[in-house]
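Please read the structure below before turning to the comments.
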Amino acid sequence: MTTKSKRNPILRKRGLRAALALGLGAALSLGASGCSSSSTGAGGGQIVVYTYGDNSTNIQQAAVDAFNKTSTVKVKLVQVPGNDYSPKLRTVMTSSSAPDVFFNWGGGSIAPYVKANELVDLTPYFNQAPLKGAFLPSVVAAGAVDGKDYGVPMRGMQPVILFYNKTLFAQYNLQPPNTWAAMQAAITTFKAHGVIPFALGGADNWPDLMWLEYMLDRVGGSGEFTKIQNGDSSGWTDQAMTTSLTDIQQLIQEGAFGTKFTSTSYTNNAAPALLGSGKAAMQLMGSWDYANQLSNYPNFAKSEEGFTTFPDVAGGTGNPADVVGNPTNFWSINAKTKYLSTAVAFVQYMASDTYTKALLAGGWIPTATTTSSLLSSYPNPAFGQFQYQMVQQAPSFQLSWDQALPTAVGTPLDTEVGKFFAGQVSVSQFESDMQTTQKNAGS
Amino acid sequence: MTLAATSGKPRPQRHGAGAPARVGRPRLAWALPGFLFFALFAVVPMLYAVYLSFCGNWSGIGSPQLSGAGNWTRLFQDSSIRQATRLTVELTVLSWVFQTPVAMLIGVWAAGKQRNRAVLAALFFIPLVLSSTAISLLFKALLDPNFGLAPSIGPWIGFPDGNILGSTNGALIALVFVGGWQFMPFHTLIYQGGARAIPKSFYDAAAIDGAGRVAQFVHITLPQLRNTITTSSVLIVVGSLTSFETVFLLTQGGPGAATSTLSWVMYQNAFDDFNFGYACALGAGLVVVSTVLSLLMVRLSGFGSMRSTREGA
């Protein structure tokens, strides 16, 4: 259970696709002919469900098995290898063997399908039992496009958390970094003692983006990004954006991330290892990193690892309870399904206590509203409680920008943030580049 | 690698082999399977890519619709494409400058008949039989700034903290080096073959005239290797223009966009942004540029006339 989402390591390693991309034309034709291979389509009294294949799909498989015991139309779960999931889904959705139900990240990841009228509007189902009130509202909202619900939460929440090394903080008499002043003091002290203040996998670009996401929220509030997400490209040049970028630039220049973060990667576990081995004192990362530490540095994870929310920024107007990250992953239903009632019944099953308990046992914090009463069964109750309350109390749970925006803006954003952190573009250059990118994508 | 090819003793030239091709050639029909295979897996996808390049920003959903040459005009205005082009040219030139002299010297050296040279040449050949993926991952681990050898090697080559892959120049140099390490043995092999084909009588004659080792190399080996140089250079240039795996596995185009070559930008557009139309325009453009470049090189170097250098020997 090390990886959970699009922002996660596995999806970023696209080995097979690398081979395909050697000849783009060849890749396209292979993709076009390859889609009929994996499933039998929506016929023969069964529905096909595509899920992101990683080492926690046993939870979904168990749910499918339980569901099939009572259902006349059977569910067939297809596990698509994680690193190929997005392109595979993109190809298969246009073919006759498209899945009836499929895994996604909500927001920008399904917007193109919504636009093409390929998804079932689930809003009516969320207004009635068993889905009504079953999941945290901020999480359900992340699966909506243009105010209509298209996704049913099917995995745990993945907020971005500030992890830190409690032993190192105690050793240098430092306060937990939950205020800006405490964080600055920690940076200065750790630098003086040869400890990297923050581990950062800058080679992957998307860990950089987490910093900008939180900074903008704290400086200007959650509305700043909502404006951009709604297509107003002038948001990139707002004063709050400039302030956030300038603050981050200062952090980079004072060495808060060390000097080697541009070649340090998260996906090959280098950045987490810096934190786990005590070479770095803090890391801003998605909650999935806890499981990662638990398997690679169990002693650190169990007794030395602390966790807190991103600090308040002096003079900022944002609510320090706001959270960014991946609210969860979702099931969406293909509008072309032949067995709509079975598909709906299957996604409704996600609201059951059985499924919620299965997620908890697998190390996830489910997004169901019943979770708090079941949390005691979580492997690390303290971390579980912290995570659940952080999300439950969050006025806003902003989906990672590169997922929330259309891919034509989201992917260039990752690269642009990487360039900014590597010092290749200035604050104003970043702003105008992103504004141009979004304008071009909109046209 | 047969050592028998260069027997040490002077021997009569085999004029028969070089005679005009009146020997029965296979008929065109024999090439049909090859043609079909090439057409199906290279020409057809290429034409489809050209078609897609006129289909706007087709994202893979729905069927592509022709919508004019928007992608092509964007291609010439896009500043990231300009930067990628500049980078690709730099990578190509650096790769050529790095690989050609080294491969040529080792190749000429390995052409000698000594047994130790044969053994060493076989060892030098090893990188070529490793897969690009293995090589790239190996070097990624070696160049890791925290847990690899980079902190030890870095200070010697101007990167005090070992941030080789994380600096703009360092990442490019790493790409040139890893690509060179991988493909130099192949070019060495080409030069070895080329050097062995030079008649020994040339050297004997030069030795009688008092030419030393260097003079023999400059006045006999280099001119005689002209066609070999062209072959090797075309392969290096086209290979570097379209090289992808090393970038993909070693730097992911980073840091920032410091190693975003044209083929990497094409990949990103297709499989990260799902803008297949623009990626196809870029891919089709790359095909045109590399074809034109290799034709130019062949034409300018006189390789196109295909005259044997051994004529008149």
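If you're wondering about the labels, chains in the structure tokens are A, B, ... by order shown, residues count from 1 in each chain, ligands from 1 in order shown.
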
Produce a table with one row for each residue of chain A that has an atom at most 6 Å from any atom of chain B, each row naming the nearest atom pair and its distance in Å at one decimal; use only C-alpha atoms; arrange rows by chain and rising residue number; format as CSV.
```
residue,atom,partner,partner_atom,distance
A:Gly25,CA,B:Pro45,CA,4.5
A:Ala26,CA,B:Pro45,CA,5.4
A:Thr94,CA,B:Ile61,CA,5.8
A:Lys260,CA,B:Asn163,CA,5.3
A:Thr262,CA,B:Gly166,CA,4.5
A:Ser263,CA,B:Gly166,CA,4.0
A:Thr407,CA,B:Asp273,CA,5.0
A:Ala408,CA,B:Asp273,CA,5.0
A:Thr411,CA,B:Asp273,CA,6.0
A:Thr415,CA,B:Gly256,CA,5.8
A:Gly418,CA,B:Gly256,CA,4.3
A:Lys419,CA,B:Gly256,CA,3.6
A:Ala422,CA,B:Gly256,CA,6.0
```

Out of segment 198-282 of chain A, which residues get strand (DSSP E) from DSSP, as an mmCIF file with C-alpha atoms, in the first residue's frame?
```
data_model
loop_
_atom_site.group_PDB
_atom_site.id
_atom_site.type_symbol
_atom_site.label_atom_id
_atom_site.label_comp_id
_atom_site.auth_asym_id
_atom_site.auth_seq_id
_atom_site.Cartn_x
_atom_site.Cartn_y
_atom_site.Cartn_z
ATOM 1 C CA PHE A 198 12.658 20.144 3.900
ATOM 2 C CA ALA A 199 12.981 17.009 1.794
ATOM 3 C CA ALA A 280 16.039 16.047 6.322
ATOM 4 C CA ALA A 281 13.795 17.343 9.080
ATOM 5 C CA MET A 282 10.466 17.926 7.327
#
```

Excluding Leu222 of chain B and residues on its chain fewer than 4 positions from it, collect all residues at most 12 Å away from it, counting only C-alpha atoms, and give them as a compact mmCIF listing (two decimals) with N, CA and C atoms, in the first residue's frame.
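Below you can see out18.txt, which holds the result:
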```
# COMPACT_ATOMS: atom_id res chain seq x y z
N PRO B 101 35.19 11.20 -32.40
CA PRO B 101 36.63 11.00 -32.25
C PRO B 101 36.97 9.76 -31.42
N MET B 104 36.16 6.60 -33.32
CA MET B 104 37.06 6.40 -34.44
C MET B 104 38.42 5.89 -33.96
N LEU B 105 38.96 6.52 -32.93
CA LEU B 105 40.28 6.11 -32.44
C LEU B 105 40.24 4.67 -31.92
N VAL B 108 39.82 2.26 -34.95
CA VAL B 108 41.03 2.05 -35.74
C VAL B 108 42.03 1.20 -34.94
N TYR B 191 33.70 1.72 -37.27
CA TYR B 191 35.04 2.20 -37.64
C TYR B 191 36.02 1.05 -37.74
N GLY B 194 35.44 -0.40 -41.02
CA GLY B 194 35.95 0.50 -42.04
C GLY B 194 37.46 0.45 -42.13
N ALA B 195 38.12 0.45 -40.98
CA ALA B 195 39.58 0.47 -40.95
C ALA B 195 40.16 -0.84 -41.49
N ILE B 198 40.60 -1.06 -45.28
CA ILE B 198 41.65 -0.29 -45.98
C ILE B 198 42.78 -1.25 -46.34
N VAL B 214 51.36 8.81 -37.21
CA VAL B 214 50.37 9.89 -37.26
C VAL B 214 50.10 10.28 -38.70
N ALA B 215 51.15 10.40 -39.50
CA ALA B 215 50.98 10.79 -40.89
C ALA B 215 50.15 9.74 -41.62
N GLN B 216 50.39 8.46 -41.32
CA GLN B 216 49.60 7.40 -41.95
C GLN B 216 48.13 7.55 -41.59
N PHE B 217 47.87 7.86 -40.32
CA PHE B 217 46.48 8.01 -39.88
C PHE B 217 45.80 9.17 -40.60
N VAL B 218 46.54 10.32 -40.65
CA VAL B 218 45.93 11.52 -41.23
C VAL B 218 45.76 11.38 -42.74
N ARG B 226 36.21 8.02 -45.04
CA ARG B 226 35.25 9.07 -45.29
C ARG B 226 33.80 8.54 -45.29
N ASN B 227 33.59 7.47 -46.01
CA ASN B 227 32.22 6.94 -46.05
C ASN B 227 31.78 6.38 -44.72
N THR B 228 32.74 5.79 -44.00
CA THR B 228 32.39 5.28 -42.67
C THR B 228 31.97 6.43 -41.75
N ILE B 229 32.72 7.55 -41.86
CA ILE B 229 32.38 8.71 -41.03
C ILE B 229 30.97 9.18 -41.36
N THR B 230 30.64 9.21 -42.65
CA THR B 230 29.30 9.65 -43.03
C THR B 230 28.25 8.72 -42.44
```

Expected answer as a PyMOL selection string: helix (DSSP H, G or I) residues in segment 76-232 of chain A
chain A and resi 82-92+107-109+111-115+123-126+137-142+166-171+180-192+206-220+223-229

Between A:Gln61, A:Gly156, A:Phe190, A:Asp322, which has the minimum distance to Pro395 of chain A (counting only C-alpha atoms)?
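Closest to Pro395 of chain A, using only C-alpha atoms: A:Asp322.
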
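Counting only C-alpha atoms, Gln385 of chain A has the following residues at most 12 Å away, ignoring those fewer than 2 positions along the same chain: A:Phe307, A:Leu360, A:Trp364, A:Ile365, A:Pro366, A:Thr371, A:Ser372, A:Ser373, A:Leu374, A:Leu375, A:Ser376, A:Ser377, A:Tyr378, A:Pro379, A:Asn380, A:Pro381, A:Ala382, A:Phe383, A:Gln387, A:Tyr388, A:Gln389, A:Met390, A:Val391, A:Gln392, A:Gln393.
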
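Excluding Ser71 of chain A itself and any same-chain residue fewer than 3 positions from it, the protein and nucleic acid residues within 12 Å of it, counting only C-alpha atoms, are A:Gly45, A:Gln46, A:Ile47, A:Val64, A:Asp65, A:Ala66, A:Phe67, A:Asn68, A:Lys74, A:Val75, A:Lys76, A:Tyr339, A:Ser341, A:Thr342, A:Ala343, A:Val344, A:Ala345, A:Phe346, A:Tyr349.
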
Can I get the selection written as a PDB file, in the first residue's frame, with C-alpha atoms?
```
ATOM      1  CA  GLY A  45     -25.015 -10.139 -18.115  1.00  0.00           C
ATOM      2  CA  GLN A  46     -21.969  -8.498 -16.649  1.00  0.00           C
ATOM      3  CA  ILE A  47     -20.592  -5.042 -16.147  1.00  0.00           C
ATOM      4  CA  VAL A  64     -16.823  -7.054  -6.078  1.00  0.00           C
ATOM      5  CA  ASP A  65     -16.932 -10.615  -4.756  1.00  0.00           C
ATOM      6  CA  ALA A  66     -19.351  -9.627  -2.017  1.00  0.00           C
ATOM      7  CA  PHE A  67     -21.514  -7.689  -4.464  1.00  0.00           C
ATOM      8  CA  ASN A  68     -21.643 -10.580  -6.962  1.00  0.00           C
ATOM      9  CA  LYS A  74     -22.134  -9.821 -12.324  1.00  0.00           C
ATOM     10  CA  VAL A  75     -19.338  -7.303 -11.906  1.00  0.00           C
ATOM     11  CA  LYS A  76     -15.983  -7.999 -13.501  1.00  0.00           C
ATOM     12  CA  TYR A 339     -26.999  -2.254 -16.897  1.00  0.00           C
ATOM     13  CA  SER A 341     -29.178  -0.195 -12.213  1.00  0.00           C
ATOM     14  CA  THR A 342     -26.406  -2.718 -11.497  1.00  0.00           C
ATOM     15  CA  ALA A 343     -23.741  -0.065 -11.980  1.00  0.00           C
ATOM     16  CA  VAL A 344     -25.556   2.286  -9.616  1.00  0.00           C
ATOM     17  CA  ALA A 345     -26.045  -0.468  -7.054  1.00  0.00           C
ATOM     18  CA  PHE A 346     -22.357  -1.264  -7.233  1.00  0.00           C
ATOM     19  CA  TYR A 349     -22.128  -0.336  -2.152  1.00  0.00           C
TER      20      TYR A 349
END
```

Given only C-alpha atoms as the basis, pick out the residue of B:Arg117, B:Gln192, B:Tyr203, B:Gly158 nearest to Ile173 of chain B.
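Among B:Arg117, B:Gln192, B:Tyr203, B:Gly158, it is B:Gly158 that comes nearest to Ile173 of chain B.
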
Enter the distance from atom CA of Leu91 of chain B to atom CA of Val176 of chain B, in Å, rounded to one decimal.
6.5 Å

Could you name the residues that touch Pro207 of chain A at 9 Å or less, counting only C-alpha atoms, but leaving out those on the same chain fewer than 3 positions away, as a PDB file with C-alpha atoms, in the first residue's frame?
```
ATOM      1  CA  ARG A   7       0.144  12.101  -7.984  1.00  0.00           C
ATOM      2  CA  LEU A 200      11.598  17.829  -1.632  1.00  0.00           C
ATOM      3  CA  GLY A 201      11.395  15.578  -4.684  1.00  0.00           C
ATOM      4  CA  GLY A 202      11.805  18.455  -7.121  1.00  0.00           C
ATOM      5  CA  ALA A 203      12.853  16.188  -9.993  1.00  0.00           C
ATOM      6  CA  ASP A 204       9.238  15.064 -10.254  1.00  0.00           C
ATOM      7  CA  MET A 210       2.145  21.239  -3.314  1.00  0.00           C
ATOM      8  CA  TRP A 211       4.071  24.207  -1.914  1.00  0.00           C
ATOM      9  CA  TYR A 266      10.021  11.383  -4.845  1.00  0.00           C
ATOM     10  CA  LEU A 284       5.342  18.367   2.724  1.00  0.00           C
ATOM     11  CA  MET A 285       3.666  15.371   1.143  1.00  0.00           C
TER      12      MET A 285
END
```

Identify, on the basis of only C-alpha atoms, every residue whose closest approach to Gln398 of chain A does not exceed 8 Å; exclude the query and any residue fewer than 3 positions from it along the same chain; express the result as a list in words.
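Counting only C-alpha atoms, the residues come to Ala142, Ser222, Asp322, Val323, Val324, Gly325, Asn326, Pro327 and Trp401 of chain A.
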
Give me, please, the distance in Å between atom CA of Ile153 of chain B and atom CA of Phe177 of chain B, quoted to one decimal.
14.1 Å
